[in-house]
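**Student:** Pasting entry.cif here (mmCIF, C-alpha atoms):
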```
data_run
#
loop_
_atom_site.label_atom_id
_atom_site.label_comp_id
_atom_site.auth_asym_id
_atom_site.auth_seq_id
_atom_site.Cartn_x
_atom_site.Cartn_y
_atom_site.Cartn_z
CA MET S 1 6.38 -21.88 -20.28
CA ALA S 2 3.59 -21.82 -17.73
CA PHE S 3 2.05 -18.60 -18.99
CA LEU S 4 0.96 -20.09 -22.31
CA GLY S 5 -2.21 -20.97 -20.52
CA ARG S 6 -4.70 -22.21 -23.13
CA GLY S 7 -2.43 -24.38 -25.21
CA MET S 8 0.39 -24.05 -27.70
CA LEU S 9 0.27 -23.53 -31.45
CA THR S 10 -1.13 -26.65 -33.09
CA ASN S 11 0.23 -28.54 -36.09
CA SER S 12 -2.96 -27.60 -37.88
CA ASN S 13 -2.25 -23.92 -37.29
CA LEU S 14 1.33 -24.29 -38.45
CA LYS S 15 0.09 -25.85 -41.67
CA LYS S 16 -2.39 -22.99 -42.15
CA MET S 17 0.35 -20.45 -41.52
CA SER S 18 2.61 -22.04 -44.12
CA LEU S 19 -0.09 -22.09 -46.77
CA VAL S 20 -1.31 -18.54 -46.23
CA ALA S 21 2.18 -17.09 -45.87
CA ALA S 22 3.35 -18.82 -49.03
CA ALA S 23 0.33 -17.57 -50.96
CA ALA S 24 0.69 -14.05 -49.61
CA THR S 25 4.42 -13.61 -50.07
CA GLY S 26 5.55 -16.19 -52.58
CA ILE S 27 7.95 -17.83 -50.11
CA GLY S 28 7.64 -20.68 -47.66
CA LEU S 29 7.08 -19.79 -44.02
CA GLY S 30 9.90 -22.06 -42.92
CA LEU S 31 12.41 -20.22 -45.11
CA MET S 32 11.13 -16.90 -43.81
CA TYR S 33 11.64 -17.96 -40.19
CA ALA S 34 15.03 -19.48 -40.94
CA ASN S 35 16.24 -16.22 -42.47
CA SER S 36 14.74 -14.24 -39.58
CA ARG S 37 16.47 -16.36 -36.95
CA GLN S 38 19.77 -16.16 -38.82
CA GLN S 39 19.53 -12.38 -38.88
CA VAL S 40 18.73 -12.24 -35.17
CA GLN S 41 21.59 -14.59 -34.32
CA ALA S 42 23.96 -12.48 -36.42
CA ALA S 43 22.85 -9.37 -34.53
CA LEU S 44 23.38 -11.11 -31.19
CA ASN S 45 26.80 -12.26 -32.30
CA ARG S 46 27.72 -8.69 -33.24
CA GLY S 47 26.58 -7.51 -29.83
CA ALA S 48 28.65 -10.21 -28.16
CA GLN S 49 31.80 -8.59 -29.53
CA PHE S 50 31.30 -5.82 -26.97
CA PRO S 51 30.51 -5.88 -23.24
CA ALA S 52 26.81 -5.26 -22.51
CA SER S 53 27.79 -2.07 -20.67
CA MET S 54 28.82 -0.51 -23.99
CA ASN S 55 25.35 -1.20 -25.42
CA PHE S 56 23.41 -0.03 -22.36
CA PRO S 57 21.15 2.88 -23.42
CA ASP S 58 21.54 6.36 -21.98
CA LEU S 59 18.38 6.79 -19.90
CA LYS S 60 19.45 9.57 -17.53
CA LEU S 61 16.83 12.06 -18.74
CA HIS S 62 14.02 9.57 -19.31
CA ASN S 63 10.64 9.51 -17.56
CA ASN S 64 9.17 6.11 -18.31
CA VAL S 65 8.71 2.94 -16.29
CA MET S 66 11.20 0.93 -18.34
CA ALA S 67 13.93 3.52 -17.84
CA SER S 68 13.44 3.62 -14.07
CA THR S 69 13.50 -0.19 -13.88
CA LEU S 70 16.24 -1.26 -16.31
CA THR S 71 19.66 -1.63 -14.73
CA PRO S 72 23.00 -2.52 -16.36
CA ALA S 73 22.86 -5.91 -14.64
CA ILE S 74 19.37 -6.71 -15.97
CA TYR S 75 20.34 -5.49 -19.42
CA GLY S 76 23.52 -7.56 -19.39
CA GLU S 77 21.54 -10.70 -18.64
CA LEU S 78 18.56 -10.15 -20.94
CA SER S 79 20.35 -8.67 -23.95
CA ARG S 80 21.76 -12.11 -24.76
CA ARG S 81 18.32 -13.75 -24.88
CA VAL S 82 15.95 -14.10 -27.81
CA THR S 83 12.38 -15.43 -28.03
CA PRO S 84 11.54 -18.42 -30.25
CA ASN S 85 10.17 -15.95 -32.81
CA GLY S 86 13.43 -13.99 -32.83
CA CYS S 87 12.46 -10.96 -30.72
CA THR S 88 15.22 -9.31 -28.66
CA LEU S 89 15.20 -7.11 -25.58
CA ASP S 90 16.45 -4.14 -27.59
CA GLU S 91 13.38 -4.37 -29.85
CA CYS S 92 11.13 -4.31 -26.78
CA ILE S 93 12.74 -1.24 -25.19
CA GLN S 94 13.54 0.80 -28.32
CA THR S 95 10.41 2.93 -28.09
CA GLY S 96 11.30 3.84 -24.50
CA VAL S 97 14.88 4.62 -25.47
CA ASP S 98 13.88 6.86 -28.37
CA ASN S 99 11.15 8.63 -26.37
CA PRO S 100 12.27 10.03 -23.01
CA GLY S 101 8.65 10.29 -21.92
CA HIS S 102 5.83 12.72 -21.31
CA PRO S 103 6.73 15.54 -18.91
CA PHE S 104 3.65 14.91 -16.75
CA ILE S 105 2.73 11.30 -17.51
CA LYS S 106 5.07 8.39 -16.82
CA THR S 107 4.74 6.27 -19.95
CA VAL S 108 5.51 2.54 -19.99
CA GLY S 109 8.50 2.75 -22.33
CA MET S 110 8.44 -0.78 -23.73
CA VAL S 111 6.34 -3.20 -25.77
CA ALA S 112 6.23 -6.93 -26.44
CA GLY S 113 7.15 -8.29 -29.86
CA ASP S 114 5.45 -11.60 -29.22
CA GLU S 115 3.68 -13.49 -26.43
CA GLU S 116 6.89 -15.14 -25.25
CA CYS S 117 8.55 -11.77 -24.48
CA TYR S 118 6.64 -11.59 -21.20
CA GLU S 119 8.37 -14.81 -20.07
CA VAL S 120 11.79 -14.59 -21.75
CA PHE S 121 12.36 -11.03 -20.49
CA LYS S 122 10.31 -11.34 -17.29
CA GLU S 123 13.06 -9.86 -15.11
CA LEU S 124 12.22 -6.51 -16.74
CA PHE S 125 8.58 -6.96 -17.70
CA ASP S 126 7.48 -8.12 -14.22
CA PRO S 127 8.60 -5.00 -12.31
CA VAL S 128 7.31 -2.76 -15.13
CA ILE S 129 3.92 -4.49 -14.90
CA GLU S 130 3.95 -4.20 -11.10
CA GLU S 131 4.54 -0.43 -11.21
CA ARG S 132 2.11 0.24 -14.05
CA HIS S 133 -0.66 -1.88 -12.56
CA ASN S 134 -0.84 -0.61 -9.02
CA GLY S 135 1.41 -3.22 -7.39
CA TYR S 136 0.19 -6.29 -9.30
CA GLY S 137 2.43 -9.13 -8.07
CA THR S 138 4.06 -11.99 -9.95
CA ASP S 139 1.97 -14.61 -8.11
CA GLU S 140 -1.44 -13.02 -8.69
CA ILE S 141 -4.20 -14.53 -10.84
CA HIS S 142 -6.15 -12.25 -13.16
CA PRO S 143 -9.96 -12.68 -13.17
CA THR S 144 -12.00 -12.64 -16.39
CA ASP S 145 -15.76 -11.99 -16.30
CA LEU S 146 -17.79 -11.12 -19.40
CA ASP S 147 -21.24 -11.70 -17.84
CA SER S 148 -22.96 -8.39 -18.53
CA SER S 149 -26.04 -9.44 -16.50
CA LYS S 150 -24.02 -8.70 -13.33
CA ILE S 151 -23.93 -4.96 -14.06
CA ARG S 152 -25.97 -2.71 -11.73
CA GLY S 153 -27.48 0.44 -13.20
CA GLY S 154 -25.61 1.80 -16.17
CA ASN S 155 -28.15 4.06 -17.89
CA LEU S 156 -26.43 7.35 -17.10
CA ASP S 157 -28.13 10.75 -17.43
CA PRO S 158 -28.06 11.64 -21.16
CA ALA S 159 -28.23 15.35 -20.28
CA TYR S 160 -24.62 14.96 -19.13
CA VAL S 161 -23.28 11.85 -20.88
CA LEU S 162 -22.98 12.40 -24.63
CA SER S 163 -21.65 8.97 -25.65
CA SER S 164 -20.50 5.66 -24.19
CA ARG S 165 -17.84 3.25 -25.38
CA VAL S 166 -16.14 0.01 -24.30
CA ARG S 167 -13.10 -1.35 -26.11
CA THR S 168 -10.45 -4.02 -25.72
CA GLY S 169 -7.76 -5.78 -27.73
CA ARG S 170 -7.14 -9.40 -28.61
CA SER S 171 -4.08 -11.18 -30.06
CA ILE S 172 -3.91 -14.37 -32.11
CA ARG S 173 -1.68 -16.98 -30.44
CA GLY S 174 1.29 -18.19 -32.49
CA LEU S 175 1.70 -14.96 -34.48
CA SER S 176 4.09 -12.17 -33.52
CA LEU S 177 2.68 -8.88 -32.29
CA PRO S 178 2.76 -5.70 -34.45
CA PRO S 179 6.18 -4.41 -33.26
CA HIS S 180 7.90 -7.59 -34.47
CA CYS S 181 5.60 -9.39 -36.92
CA SER S 182 6.56 -10.21 -40.48
CA ARG S 183 4.35 -9.22 -43.41
CA ALA S 184 3.15 -12.82 -43.67
CA GLU S 185 2.16 -12.90 -39.99
CA ARG S 186 0.33 -9.58 -40.29
CA ARG S 187 -1.55 -10.88 -43.34
CA MET S 188 -2.36 -14.07 -41.48
CA VAL S 189 -3.92 -12.07 -38.65
CA GLU S 190 -6.06 -10.20 -41.17
CA SER S 191 -7.10 -13.43 -42.87
CA VAL S 192 -8.05 -15.22 -39.63
CA VAL S 193 -9.99 -12.29 -38.18
CA VAL S 194 -11.80 -11.26 -41.37
CA ARG S 195 -12.99 -14.85 -41.93
CA ALA S 196 -14.38 -14.94 -38.39
CA LEU S 197 -16.08 -11.55 -38.71
CA GLY S 198 -17.61 -12.63 -42.01
CA ASN S 199 -19.55 -15.35 -40.18
CA LEU S 200 -21.24 -13.04 -37.68
CA THR S 201 -25.02 -12.86 -38.01
CA GLY S 202 -27.97 -10.77 -36.87
CA ASP S 203 -27.22 -7.31 -35.51
CA LEU S 204 -23.49 -8.08 -35.56
CA ARG S 205 -23.35 -8.77 -39.30
CA GLY S 206 -21.12 -6.25 -41.03
CA THR S 207 -18.55 -5.26 -43.66
CA TYR S 208 -14.74 -5.16 -43.76
CA TYR S 209 -12.91 -2.19 -45.30
CA PRO S 210 -9.20 -2.84 -46.02
CA LEU S 211 -7.24 0.41 -45.78
CA SER S 212 -5.28 -0.44 -48.93
CA GLN S 213 -8.44 -0.87 -51.04
CA MET S 214 -10.67 1.81 -49.58
CA THR S 215 -12.45 4.13 -52.01
CA ASP S 216 -12.49 7.89 -51.43
CA ASP S 217 -16.18 7.75 -50.54
CA GLU S 218 -15.65 4.91 -48.05
CA GLN S 219 -12.73 6.74 -46.47
CA GLN S 220 -14.71 9.95 -46.10
CA GLN S 221 -17.66 8.10 -44.59
CA LEU S 222 -15.42 6.41 -42.02
CA ILE S 223 -13.84 9.78 -41.20
CA ASP S 224 -17.30 11.31 -40.77
CA ASP S 225 -18.26 8.42 -38.48
CA HIS S 226 -15.02 8.91 -36.48
CA PHE S 227 -14.13 5.27 -37.17
CA LEU S 228 -11.00 5.61 -39.27
CA PHE S 229 -7.57 5.07 -37.74
CA ASP S 230 -4.65 6.65 -39.53
CA LYS S 231 -1.05 5.63 -40.03
CA PRO S 232 0.62 6.04 -36.63
CA VAL S 233 2.52 9.30 -36.31
CA SER S 234 3.18 9.19 -32.57
CA PRO S 235 6.86 8.37 -32.02
CA LEU S 236 5.77 6.04 -29.23
CA LEU S 237 4.25 3.81 -31.93
CA THR S 238 6.56 4.44 -34.87
CA CYS S 239 9.69 3.78 -32.79
CA ALA S 240 8.11 0.48 -31.79
CA GLY S 241 7.82 -0.54 -35.44
CA MET S 242 4.05 -0.41 -35.68
CA ALA S 243 3.86 1.66 -38.88
CA ARG S 244 5.92 -0.71 -41.02
CA ASP S 245 4.47 -1.56 -44.46
CA TRP S 246 1.49 0.75 -43.94
CA PRO S 247 -1.34 0.17 -44.87
CA ASP S 248 -0.66 -3.49 -45.74
CA ALA S 249 -3.12 -5.88 -44.02
CA ARG S 250 -4.78 -3.14 -41.98
CA GLY S 251 -8.49 -2.46 -42.01
CA ILE S 252 -11.72 -1.61 -40.25
CA TRP S 253 -14.84 -3.74 -39.86
CA HIS S 254 -18.17 -2.54 -38.51
CA ASN S 255 -21.71 -3.84 -38.29
CA ALA S 256 -24.65 -2.27 -40.11
CA ASP S 257 -25.72 -0.23 -37.05
CA LYS S 258 -22.17 1.12 -36.68
CA ASN S 259 -22.10 0.35 -32.97
CA PHE S 260 -19.68 -2.60 -33.02
CA LEU S 261 -16.28 -2.12 -34.68
CA VAL S 262 -13.05 -4.06 -35.10
CA TRP S 263 -9.70 -2.51 -36.02
CA ILE S 264 -7.21 -4.94 -37.51
CA ASN S 265 -3.41 -4.64 -37.16
CA GLU S 266 -3.14 -1.20 -35.61
CA GLU S 267 -1.34 -1.25 -32.22
CA ASP S 268 -2.66 -4.76 -31.53
CA HIS S 269 -3.79 -7.62 -33.75
CA THR S 270 -7.36 -6.49 -33.09
CA ARG S 271 -9.22 -3.78 -31.25
CA LEU S 272 -12.90 -4.54 -30.60
CA ILE S 273 -15.15 -1.58 -29.81
CA SER S 274 -18.79 -1.22 -28.79
CA MET S 275 -20.23 2.28 -28.65
CA GLU S 276 -23.31 4.45 -29.01
CA LYS S 277 -24.61 7.94 -28.36
CA GLY S 278 -26.02 8.72 -24.93
CA GLY S 279 -25.43 7.28 -21.48
CA ASN S 280 -26.61 3.67 -21.74
CA ILE S 281 -23.24 2.10 -21.07
CA ARG S 282 -24.98 -1.03 -19.83
CA ALA S 283 -26.33 -1.69 -23.35
CA VAL S 284 -22.90 -0.90 -24.79
CA PHE S 285 -21.30 -3.46 -22.47
CA GLU S 286 -23.94 -6.09 -23.29
CA ARG S 287 -23.17 -5.72 -27.01
CA PHE S 288 -19.45 -5.72 -26.24
CA CYS S 289 -19.64 -9.04 -24.37
CA LYS S 290 -21.87 -10.62 -27.00
CA GLY S 291 -19.62 -9.56 -29.88
CA LEU S 292 -16.42 -10.50 -28.07
CA ASN S 293 -17.67 -13.98 -27.24
CA GLU S 294 -19.02 -14.66 -30.73
CA VAL S 295 -15.84 -13.51 -32.47
CA GLU S 296 -13.69 -15.64 -30.17
CA SER S 297 -15.91 -18.67 -30.77
CA LEU S 298 -15.61 -18.25 -34.55
CA ILE S 299 -11.82 -17.91 -34.34
CA GLN S 300 -11.61 -21.03 -32.19
CA SER S 301 -13.78 -22.95 -34.66
CA GLU S 302 -10.97 -22.56 -37.21
CA GLY S 303 -8.33 -23.91 -34.83
CA TRP S 304 -6.94 -20.60 -33.55
CA GLU S 305 -7.06 -19.04 -30.10
CA TYR S 306 -6.26 -15.81 -28.30
CA MET S 307 -3.11 -15.17 -26.30
CA TRP S 308 -4.07 -15.57 -22.65
CA SER S 309 -2.58 -16.63 -19.33
CA GLU S 310 -3.92 -17.05 -15.80
CA HIS S 311 -1.47 -14.47 -14.49
CA LEU S 312 -1.58 -11.76 -17.20
CA GLY S 313 -5.04 -12.34 -18.66
CA TYR S 314 -5.26 -11.37 -22.32
CA ILE S 315 -1.83 -10.67 -23.82
CA LEU S 316 -1.46 -7.42 -25.78
CA THR S 317 1.38 -5.37 -27.23
CA CYS S 318 1.72 -2.76 -24.49
CA PRO S 319 2.06 -3.92 -20.87
CA SER S 320 -0.39 -1.17 -19.90
CA ASN S 321 -3.20 -3.09 -21.63
CA LEU S 322 -2.61 -6.53 -20.13
CA GLY S 323 -5.41 -8.31 -18.29
CA THR S 324 -8.74 -7.14 -19.60
CA GLY S 325 -7.30 -4.70 -22.14
CA LEU S 326 -10.54 -2.92 -21.37
CA ARG S 327 -11.19 0.80 -21.51
CA ALA S 328 -14.76 1.76 -20.67
CA GLY S 329 -15.35 5.46 -21.15
CA VAL S 330 -17.96 8.17 -21.53
CA HIS S 331 -17.90 11.70 -22.88
CA VAL S 332 -19.44 13.65 -20.02
CA LYS S 333 -20.13 17.35 -19.38
CA LEU S 334 -18.57 18.51 -16.11
CA PRO S 335 -17.89 22.25 -16.58
CA ARG S 336 -18.27 23.16 -12.90
CA LEU S 337 -16.74 20.12 -11.24
CA SER S 338 -13.71 20.29 -13.52
CA GLN S 339 -12.98 23.76 -12.12
CA ASP S 340 -12.84 22.43 -8.58
CA ALA S 341 -9.26 22.16 -7.31
CA ARG S 342 -10.05 18.64 -6.04
CA PHE S 343 -11.14 17.26 -9.44
CA ASP S 344 -7.96 15.23 -10.07
CA GLU S 345 -7.99 13.96 -6.49
CA ILE S 346 -11.61 12.82 -6.89
CA LEU S 347 -10.75 10.91 -10.06
CA ASP S 348 -7.73 9.28 -8.42
CA LYS S 349 -9.82 8.04 -5.51
CA LEU S 350 -12.39 6.63 -7.94
CA ARG S 351 -9.59 4.97 -9.98
CA LEU S 352 -10.73 6.91 -13.05
CA GLN S 353 -8.75 8.94 -15.56
CA LYS S 354 -9.63 11.93 -17.72
CA ARG S 355 -8.73 12.92 -21.26
CA GLY S 356 -9.91 15.53 -23.68
CA THR S 357 -12.48 14.24 -26.15
CA GLY S 358 -9.76 14.17 -28.83
CA GLY S 359 -7.79 11.53 -26.93
CA VAL S 360 -4.53 11.50 -24.98
CA ASP S 361 -2.83 14.89 -24.60
CA THR S 362 -5.88 16.83 -25.79
CA ALA S 363 -7.60 19.52 -23.75
CA SER S 364 -11.21 19.51 -22.69
CA THR S 365 -13.67 21.48 -24.81
CA ASN S 366 -16.51 23.27 -23.02
CA GLY S 367 -15.99 21.18 -19.90
CA ILE S 368 -16.52 17.89 -21.74
CA PHE S 369 -14.17 15.09 -20.70
CA ASP S 370 -13.52 11.49 -21.71
CA ILE S 371 -13.68 9.68 -18.36
CA SER S 372 -12.60 6.03 -18.20
CA ASN S 373 -11.21 3.32 -15.92
CA ASN S 374 -7.59 3.64 -14.87
CA ASP S 375 -6.99 -0.08 -14.24
CA ARG S 376 -6.73 -2.99 -16.67
CA LEU S 377 -5.09 -5.87 -14.80
CA GLY S 378 -6.16 -7.59 -11.58
CA GLN S 379 -9.86 -6.78 -11.89
CA SER S 380 -12.46 -8.29 -14.21
CA GLU S 381 -14.33 -6.63 -17.05
CA VAL S 382 -17.51 -6.49 -14.97
CA GLN S 383 -15.67 -4.89 -12.04
CA LEU S 384 -14.07 -2.22 -14.23
CA VAL S 385 -17.26 -1.27 -16.07
CA GLN S 386 -19.14 -1.12 -12.75
CA ARG S 387 -16.43 1.19 -11.40
CA VAL S 388 -16.96 3.55 -14.35
CA ILE S 389 -20.74 3.47 -13.95
CA ASP S 390 -20.63 4.18 -10.21
CA GLY S 391 -17.88 6.77 -10.57
CA VAL S 392 -19.48 8.75 -13.40
CA ASP S 393 -22.83 8.64 -11.62
CA LEU S 394 -21.14 10.27 -8.61
CA LEU S 395 -19.43 12.89 -10.81
CA ILE S 396 -22.81 13.84 -12.30
CA LYS S 397 -24.33 14.16 -8.82
CA MET S 398 -21.48 16.48 -7.89
CA GLU S 399 -21.99 18.55 -11.04
CA LYS S 400 -25.69 18.92 -10.24
CA GLN S 401 -24.89 20.07 -6.71
CA LEU S 402 -22.49 22.69 -8.00
CA GLU S 403 -25.12 23.91 -10.46
CA LYS S 404 -27.24 24.73 -7.39
CA ASN S 405 -24.28 26.41 -5.66
CA ARG S 406 -24.25 23.68 -3.04
CA THR S 407 -21.24 22.03 -1.43
CA ILE S 408 -20.00 18.64 -2.60
CA ASN S 409 -18.09 17.86 0.61
CA ASN S 410 -20.64 15.22 1.59
CA LEU S 411 -20.15 13.46 -1.77
CA MET S 412 -16.36 13.27 -1.68
CA PRO S 413 -15.12 9.67 -2.18
CA LYS S 414 -13.08 8.20 0.66
#
```
Translate this structure into structure tokens?
**Tutor:**
Amino acid sequence: MAFLGRGMLTNSNLKKMSLVAAAATGIGLGLMYANSRQQVQAALNRGAQFPASMNFPDLKLHNNVMASTLTPAIYGELSRRVTPNGCTLDECIQTGVDNPGHPFIKTVGMVAGDEECYEVFKELFDPVIEERHNGYGTDEIHPTDLDSSKIRGGNLDPAYVLSSRVRTGRSIRGLSLPPHCSRAERRMVESVVVRALGNLTGDLRGTYYPLSQMTDDEQQQLIDDHFLFDKPVSPLLTCAGMARDWPDARGIWHNADKNFLVWINEEDHTRLISMEKGGNIRAVFERFCKGLNEVESLIQSEGWEYMWSEHLGYILTCPSNLGTGLRAGVHVKLPRLSQDARFDEILDKLRLQKRGTGGVDTASTNGIFDISNNDRLGQSEVQLVQRVIDGVDLLIKMEKQLEKNRTINNLMPK
């Protein structure tokens, strides 16, 4: 498969997986996979007793990209396939079947159970990716650029920008993703990542807090710091299987300064986050790049690597996060501009998106919005962060003009 760009799982990694899985679960990894494949084959055999048309999901009232793309013909072809790790098409689309979609936002409606899903089920994933990522074609090459020295500006007005944050996800090659992974695979992810994080030094040195062993005081402190992630309750995640065995092998790591964090085994194998109060998103991105590169180097030193391909960039669970997986955002005060009827149009032209400060589906409070990049795939990390810097700088200029009761027509983006 051409998309497994940086090499396949090594014999050394397979040996490590067997040892850790056996220690963690009391069974051999080979037996676990044999049983898993037998169960998948049995399920496929049961499905083969009926024509694919009888298994085709009812999507008539759905508003997600998967539902508008999946046809009976595509389903008939792909429903008979299975990835080497035993993931089926029905596992990938179940979240989109169970959740018709947001009334105003067209959700993706599918996830990947492992890296190979993007190749084995490409007849569905490719058009979903194309629609979600602004026409990204099957022959395009995704650029990666983590050179923070290329950023221009980036110290935004702290009178308007309350905080800045850059995050991404990374997946460990050879291990299934959260919707499909076994307990042993999930524990292996935790083991690999925690060992790497434990070798960070200097201002990146920190502590890991497993959710299953967290004290009440530690939990309260993480809540107060707004670091803690809870058991998924969104049906978009639970229907994708991401809450199984909670909180087994999940945890949070952060450095002493609490400005570089790693979430383990939430929606993705890892989420890496750099953040701080104020508007210096340039400094946030510099720390982000430094931490990202050092963690990857430490993981590689133990014989592991991230899922990555030239076409899709970094491979993550949801197709919406492919490429950079990057979301660079600021909490910014725009009480006057947000009342302008053209606010959404302005954001669209800048390729930015808005949320309430509580996340997706939350309203703004006192005119404060979480503004971030809309794109993930087809542009590099540097390009996306620069887009946020330039865009937010323009939004602040507009807000200042409106404070003076002046027109913003001359500032409107083309």
**Student:** What does the PyMOL selection byres ((chain S and resi 353) around 6) select in this file, as a PyMOL selection string?
**Tutor:** chain S and resi 352+354+371-372+374
**Student:** Kindly give the distance, in Å, that separates CA of Gln49 (chain S) and CA of Ile74 (chain S), rounded to a single decimal.
**Tutor:** 18.5 Å
**Student:** Can you tell me how far CA of Leu312 (chain S) sits from CA of Ile141 (chain S), in Å to one decimal?
**Tutor:**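 One can read the CA of Leu312 (chain S) to CA of Ile141 (chain S) distance as 7.4 Å.
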**Student:** Excluding region 168-175 of chain S and any residue of its chain fewer than 2 positions from it, enumerate the residues within 8 Å of it, using all atoms listed in the file, and give them as a PyMOL selection string.
**Tutor:** chain S and resi 8-9+114-115+166+177+181+185+189+268-273+304-307+314-316+324-327
**Student:** Name the residues that the PyMOL selection byres ((chain S and resi 106) around 12) picks from the file above, as a PyMOL selection string, using the file's chain letters and numbers.
**Tutor:** chain S and resi 62-68+96+99-105+107-110+128+131-132+320
**Student:** Spell out the residues picked by the PyMOL selection byres ((chain S and resi 211) around 8) here, as a list in words.
**Tutor:** Tyr209, Pro210, Ser212, Gln213, Met214, Pro247, Asp248, Ala249, Arg250, Gly251 and Ile252 of chain S
**Student:** Could you save the residues just selected, with C-alpha atoms, as a JSON list (two decimals), keeping the file's coordinate frame?
**Tutor:**
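Produced file result_37.json, reproduced below:
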```json
[["chain", "number", "residue", "atom", "x", "y", "z"],
["S", 209, "TYR", "CA", -12.91, -2.19, -45.30],
["S", 210, "PRO", "CA", -9.20, -2.84, -46.02],
["S", 212, "SER", "CA", -5.28, -0.44, -48.93],
["S", 213, "GLN", "CA", -8.44, -0.87, -51.04],
["S", 214, "MET", "CA", -10.67, 1.81, -49.58],
["S", 247, "PRO", "CA", -1.34, 0.17, -44.87],
["S", 248, "ASP", "CA", -0.66, -3.49, -45.74],
["S", 249, "ALA", "CA", -3.12, -5.88, -44.02],
["S", 250, "ARG", "CA", -4.78, -3.14, -41.98],
["S", 251, "GLY", "CA", -8.49, -2.46, -42.01],
["S", 252, "ILE", "CA", -11.72, -1.61, -40.25]]
```
**Student:** By how many Å are CA of Arg336 (chain S) and CA of His226 (chain S) apart?
**Tutor:**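 According to the coordinates, CA of Arg336 (chain S) and CA of His226 (chain S) are separated by 27.7 Å.
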**Student:** Neighbours of Trp253 (chain S) within 7 Å (all atoms listed in the file; same-chain residues fewer than 4 positions away dropped), as a ChimeraX atom specification?
**Tutor:** /S:206-209,261-263
**Student:** Within 7 Å of (7.8, -14.8, -26.2) (file coordinates; only C-alpha atoms), which protein or nucleic acid residues are there? I'd like them as number ranges by chain.
**Tutor:** S: 83-84, 114-120
**Student:** Could you pull the residues within 6 Å of Val111 (chain S), counting all atoms listed in the file, minus those fewer than 6 positions along the same chain, as a list in words?
**Tutor:**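 Contacts, in chain order: Cys92, Thr317 and Cys318 of chain S.
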**Student:** How would the residues just picked look written out with C-alpha atoms as a compact mmCIF listing (two decimals), in the coordinates of the input?
**Tutor:**
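Produced file again.txt, reproduced below:
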```
# COMPACT_ATOMS: atom_id res chain seq x y z
CA CYS S 92 11.13 -4.31 -26.78
CA THR S 317 1.38 -5.37 -27.23
CA CYS S 318 1.72 -2.76 -24.49
```
